[in-house]
Amino acid sequence: MNKRLVAYFSASGTTAKAARAIAEAAGADLYEIRPEVPYTSADLNWTNNQSRSSVEMNDPSFRPPMADHDANIASYDVIFLGFPIWWYTAPSIIKTFLEAYDFSGKTIIPFATSGGSGLGKTVKALQDTVPSATVRDGAMMNGKQKKNVLTSWIRNLGI
């Protein structure tokens, strides 16, 4: 069996709940991707073009710093990567995370939460960021996740 990690960024707690459920169903370790400066509710106001998240997402080169770099990616074969969808893609901090470690030969399975959009072109954007890894199709994890449904999803991934 492949050693598994669930790495996630959660701005409001929604993605954290999904991450914990996936980690339990997958028998995976859990790692929270935390920004050096936590986001406030004002930072997350997508209706304000000057909010921190809006400014970050409008600059494709922006990489918000992480609070730590101790994920020990080398120990894992499969990484479930979780995040909320911001502006139809992963938040900038996900690219910060992916660029901070060597994902060569790893399998990355994204999962996301969103109030109204799907993964869109997120998988391609992630694959472009870590071409040495295999980024699989991901899944939306909105609402309460039932363990049997998650276990079946993981089994169907063949990992």
# chains A, B, ... in the order shown; residues from 1 in each chain; ligands from 1
$ select_by_dssp --residues "stretch 22-127 of chain A" --states "alpha helix (DSSP H)" --output "number ranges by chain"
A: 22-26, 52-57, 92-100, 122-127
$ residues_around --residues "A:Ser12" --least-positions-apart "6" --cutoff "10 Å" --atoms "only C-alpha atoms" --output "list of chain:residue names"
A:Tyr39, A:Thr40, A:Ser41, A:Leu44, A:Pro84
$ closest_residue --among "A:Asn45, A:Thr113, A:Thr129, A:Thr122" --to "A:Tyr8" --atoms "only C-alpha atoms"
A:Thr113
$ residues_around --residues "A:Ile109" --least-positions-apart "4" --cutoff "10 Å" --atoms "only C-alpha atoms" --output "PyMOL selection string"
chain A and resi 6+78-82+123+134-139+154+157
$ closest_residue --among "A:Glu99, A:Pro91, A:Gly27, A:Phe83" --to "A:Gly13" --atoms "only C-alpha atoms"
A:Phe83
$ select_by_dssp --residues "stretch 15-116 of chain A" --states "strand (DSSP E)" --output "ChimeraX atom specification"
/A:29-32,78-84,107-113
$ closest_residue --among "A:Trp153, A:Phe97, A:Phe111, A:Phe103" --to "A:Asp70" --atoms "only C-alpha atoms"
A:Phe97
$ atom_distance --atom1 "atom CA of A:Asp29" --atom2 "atom CA of A:Lys121"
27.1 Å
$ closest_residue --among "A:Ser92, A:Thr15, A:Ser10, A:Asn156" --to "A:Asn58" --atoms "only C-alpha atoms"
A:Ser92
$ residues_around --residues "A:Ile159" --least-positions-apart "6" --cutoff "10 Å" --atoms "only C-alpha atoms" --output "PyMOL selection string"
chain A and resi 1-4+26+77-78+107
$ write_last_selection --atoms "all heavy atoms" --output "PDB file, in the first residue's frame"
ATOM      1  N   MET A   1       0.839  -1.185   0.000  1.00  0.00           N
ATOM      2  CA  MET A   1       0.000   0.000   0.000  1.00  0.00           C
ATOM      3  C   MET A   1       0.879   1.241   0.000  1.00  0.00           C
ATOM      4  O   MET A   1       1.910   1.292   0.644  1.00  0.00           O
ATOM      5  CB  MET A   1      -0.911   0.012   1.229  1.00  0.00           C
ATOM      6  CG  MET A   1      -1.786   1.233   1.225  1.00  0.00           C
ATOM      7  SD  MET A   1      -2.515   1.734   2.774  1.00  0.00           S
ATOM      8  CE  MET A   1      -3.851   0.678   3.049  1.00  0.00           C
ATOM      9  N   ASN A   2       0.476   2.237  -0.741  1.00  0.00           N
ATOM     10  CA  ASN A   2       1.204   3.491  -0.809  1.00  0.00           C
ATOM     11  C   ASN A   2       1.005   4.288   0.474  1.00  0.00           C
ATOM     12  O   ASN A   2      -0.088   4.310   1.031  1.00  0.00           O
ATOM     13  CB  ASN A   2       0.701   4.326  -1.986  1.00  0.00           C
ATOM     14  CG  ASN A   2       0.998   3.690  -3.319  1.00  0.00           C
ATOM     15  OD1 ASN A   2       2.085   3.166  -3.515  1.00  0.00           O
ATOM     16  ND2 ASN A   2       0.047   3.726  -4.226  1.00  0.00           N
ATOM     17  N   LYS A   3       2.068   4.961   0.928  1.00  0.00           N
ATOM     18  CA  LYS A   3       1.944   5.840   2.080  1.00  0.00           C
ATOM     19  C   LYS A   3       1.266   7.125   1.623  1.00  0.00           C
ATOM     20  O   LYS A   3       1.653   7.725   0.623  1.00  0.00           O
ATOM     21  CB  LYS A   3       3.308   6.123   2.685  1.00  0.00           C
ATOM     22  CG  LYS A   3       3.184   6.865   3.992  1.00  0.00           C
ATOM     23  CD  LYS A   3       4.379   6.710   4.871  1.00  0.00           C
ATOM     24  CE  LYS A   3       4.062   7.447   6.164  1.00  0.00           C
ATOM     25  NZ  LYS A   3       5.223   7.783   6.909  1.00  0.00           N
ATOM     26  N   ARG A   4       0.249   7.554   2.369  1.00  0.00           N
ATOM     27  CA  ARG A   4      -0.618   8.649   1.939  1.00  0.00           C
ATOM     28  C   ARG A   4      -0.585   9.836   2.896  1.00  0.00           C
ATOM     29  O   ARG A   4      -0.502   9.664   4.106  1.00  0.00           O
ATOM     30  CB  ARG A   4      -2.054   8.155   1.842  1.00  0.00           C
ATOM     31  CG  ARG A   4      -2.227   6.992   0.893  1.00  0.00           C
ATOM     32  CD  ARG A   4      -3.576   6.354   1.065  1.00  0.00           C
ATOM     33  NE  ARG A   4      -3.745   5.253   0.142  1.00  0.00           N
ATOM     34  CZ  ARG A   4      -4.736   4.394   0.217  1.00  0.00           C
ATOM     35  NH1 ARG A   4      -5.656   4.503   1.145  1.00  0.00           N
ATOM     36  NH2 ARG A   4      -4.828   3.412  -0.664  1.00  0.00           N
ATOM     37  N   ALA A  26      -8.837   7.248   4.159  1.00  0.00           N
ATOM     38  CA  ALA A  26      -7.673   6.774   3.400  1.00  0.00           C
ATOM     39  C   ALA A  26      -6.572   6.207   4.285  1.00  0.00           C
ATOM     40  O   ALA A  26      -5.581   5.683   3.771  1.00  0.00           O
ATOM     41  CB  ALA A  26      -7.099   7.925   2.563  1.00  0.00           C
ATOM     42  N   ASP A  77       3.919   8.618  -0.982  1.00  0.00           N
ATOM     43  CA  ASP A  77       3.757   8.267  -2.392  1.00  0.00           C
ATOM     44  C   ASP A  77       2.571   8.990  -3.012  1.00  0.00           C
ATOM     45  O   ASP A  77       2.597   9.362  -4.184  1.00  0.00           O
ATOM     46  CB  ASP A  77       3.516   6.752  -2.533  1.00  0.00           C
ATOM     47  CG  ASP A  77       4.609   5.946  -1.889  1.00  0.00           C
ATOM     48  OD1 ASP A  77       5.772   6.116  -2.288  1.00  0.00           O
ATOM     49  OD2 ASP A  77       4.312   5.157  -0.964  1.00  0.00           O
ATOM     50  N   VAL A  78       1.511   9.135  -2.221  1.00  0.00           N
ATOM     51  CA  VAL A  78       0.254   9.724  -2.683  1.00  0.00           C
ATOM     52  C   VAL A  78      -0.080  10.909  -1.785  1.00  0.00           C
ATOM     53  O   VAL A  78      -0.067  10.785  -0.557  1.00  0.00           O
ATOM     54  CB  VAL A  78      -0.894   8.695  -2.642  1.00  0.00           C
ATOM     55  CG1 VAL A  78      -2.224   9.341  -3.007  1.00  0.00           C
ATOM     56  CG2 VAL A  78      -0.596   7.520  -3.552  1.00  0.00           C
ATOM     57  N   THR A 107       2.088  10.925  -6.691  1.00  0.00           N
ATOM     58  CA  THR A 107       0.747  11.035  -7.241  1.00  0.00           C
ATOM     59  C   THR A 107      -0.010  12.044  -6.393  1.00  0.00           C
ATOM     60  O   THR A 107      -0.083  11.898  -5.172  1.00  0.00           O
ATOM     61  CB  THR A 107       0.025   9.679  -7.234  1.00  0.00           C
ATOM     62  OG1 THR A 107       0.758   8.767  -8.047  1.00  0.00           O
ATOM     63  CG2 THR A 107      -1.399   9.807  -7.749  1.00  0.00           C
TER      64      THR A 107
END
$ atom_distance --atom1 "atom CA of A:Ile93" --atom2 "atom CA of A:Pro64"
5.5 Å
$ residues_around --residues "A:Ala25" --least-positions-apart "6" --cutoff "9 Å" --atoms "only C-alpha atoms" --output "list in words"
Lys147, Asn148, Leu150, Thr151 and Ile154 of chain A
$ write_last_selection --atoms "N, CA, C and O atoms" --output "mmCIF file, in the first residue's frame"
data_model
loop_
_atom_site.group_PDB
_atom_site.id
_atom_site.type_symbol
_atom_site.label_atom_id
_atom_site.label_comp_id
_atom_site.auth_asym_id
_atom_site.auth_seq_id
_atom_site.Cartn_x
_atom_site.Cartn_y
_atom_site.Cartn_z
ATOM 1 N N LYS A 147 -18.139 8.365 5.256
ATOM 2 C CA LYS A 147 -16.942 7.536 5.196
ATOM 3 C C LYS A 147 -17.044 6.464 4.117
ATOM 4 O O LYS A 147 -16.089 6.229 3.377
ATOM 5 N N ASN A 148 -18.196 5.812 3.978
ATOM 6 C CA ASN A 148 -18.312 4.744 2.980
ATOM 7 C C ASN A 148 -18.183 5.286 1.554
ATOM 8 O O ASN A 148 -17.624 4.631 0.678
ATOM 9 N N LEU A 150 -16.416 8.018 0.717
ATOM 10 C CA LEU A 150 -15.002 8.356 0.558
ATOM 11 C C LEU A 150 -14.150 7.106 0.368
ATOM 12 O O LEU A 150 -13.251 7.085 -0.475
ATOM 13 N N THR A 151 -14.435 6.068 1.135
ATOM 14 C CA THR A 151 -13.687 4.814 1.014
ATOM 15 C C THR A 151 -13.845 4.239 -0.385
ATOM 16 O O THR A 151 -12.875 3.781 -1.000
ATOM 17 N N ILE A 154 -11.798 6.382 -2.866
ATOM 18 C CA ILE A 154 -10.360 6.071 -2.736
ATOM 19 C C ILE A 154 -10.055 4.714 -3.370
ATOM 20 O O ILE A 154 -9.082 4.576 -4.118
#
$ atom_distance --atom1 "atom CA of A:Tyr31" --atom2 "atom CA of A:Tyr76"
11.9 Å
$ residues_around --residues "A:Gly116" --least-positions-apart "3" --cutoff "10 Å" --atoms "only C-alpha atoms" --output "list of chain:residue names"
A:Ile85, A:Tyr88, A:Thr113, A:Asn142
$ closest_residue --among "A:Ser152, A:Thr14, A:Gln127, A:Ser117" --to "A:Leu98" --atoms "only C-alpha atoms"
A:Gln127
$ residues_around --residues "A:Ser104" --least-positions-apart "4" --cutoff "8 Å" --atoms "only C-alpha atoms" --output "number ranges by chain"
A: 130, 132-133
$ closest_residue --among "A:Lys124, A:Arg52, A:Arg63, A:His69" --to "A:Glu32" --atoms "only C-alpha atoms"
A:His69
